[in-house]
Amino acid sequence: MIAFRVPDPRRPAVADLAAPSPRGASLESFVPPPRFGATDFASYRPTDPSQATARDRVAAFAADAARPRRPAPWRRPRSGVGLYLDGGFGVGKTHLLAAAWHASPLPDAAKRYLSFQELVFVLGVLGRDGAAEAFDGVRLLCLDEFELDDPGNTLLIATFLRGAFARGTDVLTTSNTDPAAQGRGRFAAQDFRREIQGIADRFEVVRLEGPDHRAGRREGGWTPPDALDAAVAEAAGTVAVGTGADLHAVLERHHPVRYRDVLAGVDALALVDLAPIASQNEALRFVHFVDKAYDLGVGLRAHGPHPPDALFDARYREGAYAKKHHRALSRLAEMLADPFPGGAAR
Ligand SMILES: Nc1ncnc2c1ncn2[C@@H]1O[C@H](COP(=O)(O)OP(=O)(O)O)[C@@H](O)[C@H]1O
Ligand SMILES: [Mg+2]
C-alpha cells in the first residue's frame with residue numbers, strides 16, 4: 001500500500017491518519033492557524049495603494065469592534081457591522097484578517113477566527129439556536145474565505161449573520177469573490193438573490209489590488225524522488241508518508257472540517273504518486289486538505305507522474321471552482337518550496 005522508497009517503521013503511513021479527537025463544536029480552538037500565529041499589521045508591506053487603504057481600514061475596524069456596543073445606558077446598543085476584503089490570491093487578505101484578530105484587545109472569548117467552511121460545519125452541528133448561544137458575546141468574528149457553495153449554506157449563513165449582527169457582532173471577512181457575485185455558476189444563485197443581496201448589503205467592501213505576494217517565491221515543480229527520500233530520512237518531527245491514493249482514501253473518510261484533526265501531530269507529509277484527480281468532488285476534498293495543511297504550516301515534499309498543474313483535470317478545472325483549484329496549486333508550490341522540518345529548503 002505504501003509505495004515508498006525508504007520504508008521507515010518510525011514514520012506513520014498516510015493511510016493510517018485518522019481524526020483521533022474530534023473537536024466537536026468547541027470554539028476555543030478558533031484562533032488564527034500556526035501560519036498566521038503571529039501575523040501583525042507592521043509586517044504588512046503594501047505593494048499597491050489599495051492595500052495601504054485596506055490595512056488602515058481593517059485596523060480601524062478591529063479597534064471599533066473592541067469599543068462598547070452601548071456608549072451610554074440610555075442609548076440603544078449598536079448592532080454589528082461587516083467589512084469584506086475582496087481580492088485575488090496572495091494580496092494579503094488573510095494576513096490582514098489574522099493581524100486584526102491579534103491586534104484586537106478583546107479577550108479570546110469575545111473574538112473568534114475561523115474559516116467560512118468551519119463556520120458552516122459548526123452551524124450544521126449546533127443548529128440555529130445552539131450557534132446563537134455559542135457565538136453570544138463574540139464582538140469580533142474573523143471569517144476567512146467567504147464562499148457560498150450551495151443553497152444550503154447560503155440559507156444557513158444568511159440566518160446566522162442576521163442574528164450575529166443583531167447581537168452586536170462585527171464581522172470581518174475575506175473572499176476571492178465580490179459579495180454580489182457569490183454563488184454564481186455553482187447553484188441557481190438567482191433563486192437566492194434576495195438572501196445573497198441581503199448578506200452583501202451588510203458589508204462594506206474593500207477591494208485589494210496587486211500581484212500575488214507568493215508569486216516571487218513560487219518555484220513550482222515536484223520534489224525530485226531522491227530529494228524526497230533524503231528529506232524524509234533527515235526530517236525532524238513526524239513525517240507521514242504515503243501515496244496520493246492513500247491520501248485520497250483518508251480524505252474520503254472524514255468531513256473536510258476534520259482535516260485539521262487528521263493532521264494533528266503531523267509535522268510534514270511525504271507524498272508519492274500524486275496523480276491527476278478524476279472527479280471534481282475528490283478534487284474539492286484535496287483543495288480543503290491543501291488549505292488546512294498550508295494554514296497549519298505542515299511541511300511537504302511530493303512528486304507525481306505529471307506536473308502539479310495537471311493535478312486538476314481539465315474537465316472541471318476552469319469551471320465554477322476554478323479559483324479554488326488555482327489557489328491550491330499556488331499553495332502547493334509555496335509548500336514545496338518552503339523548508340522541511342529539520343531539513344534545508346529544497
Ligand atoms: N503586503 C504584504 N506584506 C507582507 N506579507 C504579505 C503581504 N501580502 C501577503 N503577504 C504574505 O504572503 C502570504 C500570502 O498572503 P495571504 O494573506 O495568505 O493572501 P490572500 O489571503 O490574499 O490570498 C502570507 O504569508 C502573507 O503573510
Ligand atoms: Mg487567504
# chains A, B, ... in the order shown; residues from 1 in each chain; ligands from 1
$ residues_around --residues "region 270-285 of chain A" --least-positions-apart "2" --cutoff "7 Å" --atoms "only C-alpha atoms" --output "PyMOL selection string"
chain A and resi 239-244+251+256+268+287-289+300-306+310-313+316
$ residues_near_ligand --ligand "ligand 2" --cutoff "12 Å" --atoms "only C-alpha atoms and all ligand atoms" --output "ChimeraX atom specification"
/A:32-33,35-36,85-98,114-116,142-147,173-177,208,212-214,291-292,294-295,323-324,327-328,330-331
$ closest_residue --among "A:Asp129, A:Asp40, A:Asp246, A:Asp267" --to "ligand 1" --atoms "only C-alpha atoms and all ligand atoms"
A:Asp40
$ closest_residue --among "A:Ala99, A:Ala231, A:Ala65, A:Val262" --to "ligand 1" --atoms "only C-alpha atoms and all ligand atoms"
A:Ala99
$ closest_residue --among "A:Arg55, A:Arg69, A:Lys111, A:Arg11" --to "ligand 1" --atoms "only C-alpha atoms and all ligand atoms"
A:Arg55
$ select_by_dssp --residues "region 81-278 of chain A" --states "helix (DSSP H, G or I)" --output "ChimeraX atom specification"
/A:93-103,108-110,116-134,151-166,179-181,189-200,215-217,225-234,244-253,256-262
$ select_by_dssp --residues "region 18-134 of chain A" --states "strand (DSSP E or B)" --output "mmCIF file with C-alpha atoms, in the first residue's frame"
data_model
loop_
_atom_site.group_PDB
_atom_site.id
_atom_site.type_symbol
_atom_site.label_atom_id
_atom_site.label_comp_id
_atom_site.auth_asym_id
_atom_site.auth_seq_id
_atom_site.Cartn_x
_atom_site.Cartn_y
_atom_site.Cartn_z
ATOM 1 C CA GLY A 82 -19.389 43.985 8.381
ATOM 2 C CA LEU A 83 -16.197 44.547 6.421
ATOM 3 C CA TYR A 84 -15.461 42.380 3.395
ATOM 4 C CA LEU A 85 -11.966 42.129 1.905
ATOM 5 C CA ASP A 86 -12.252 41.208 -1.739
ATOM 6 C CA GLY A 87 -9.252 40.441 -3.921
ATOM 7 C CA LYS A 111 -13.065 37.313 19.260
ATOM 8 C CA ARG A 112 -13.163 34.284 17.020
ATOM 9 C CA TYR A 113 -11.191 33.399 13.936
ATOM 10 C CA LEU A 114 -12.312 30.581 11.686
ATOM 11 C CA SER A 115 -12.680 29.645 8.077
#
$ closest_residue --among "A:Leu228, A:Val120, A:Ala100, A:Ala293" --to "Ala60 (chain A)" --atoms "only C-alpha atoms"
A:Ala100
$ closest_residue --among "A:Ala189, A:Ala249, A:Ala52, A:Leu17" --to "ligand 1" --atoms "only C-alpha atoms and all ligand atoms"
A:Ala52
$ residues_around --residues "region 101-106 of chain A" --least-positions-apart "3" --cutoff "6 Å" --atoms "only C-alpha atoms" --output "PyMOL selection string"
chain A and resi 62+66+98+110
$ write_last_selection --atoms "C-alpha atoms" --output "PDB file, in the first residue's frame"
ATOM      1  CA  ALA A  62     -10.725  45.989  14.695  1.00  0.00           C
ATOM      2  CA  ALA A  66     -13.452  46.436  20.781  1.00  0.00           C
ATOM      3  CA  ALA A  98      -5.177  37.474  11.274  1.00  0.00           C
ATOM      4  CA  ALA A 110     -15.022  37.762  22.500  1.00  0.00           C
TER       5      ALA A 110
END
$ closest_residue --among "A:Leu329, A:Ala42, A:Val122, A:Ala63" --to "ligand 1" --atoms "only C-alpha atoms and all ligand atoms"
A:Ala42
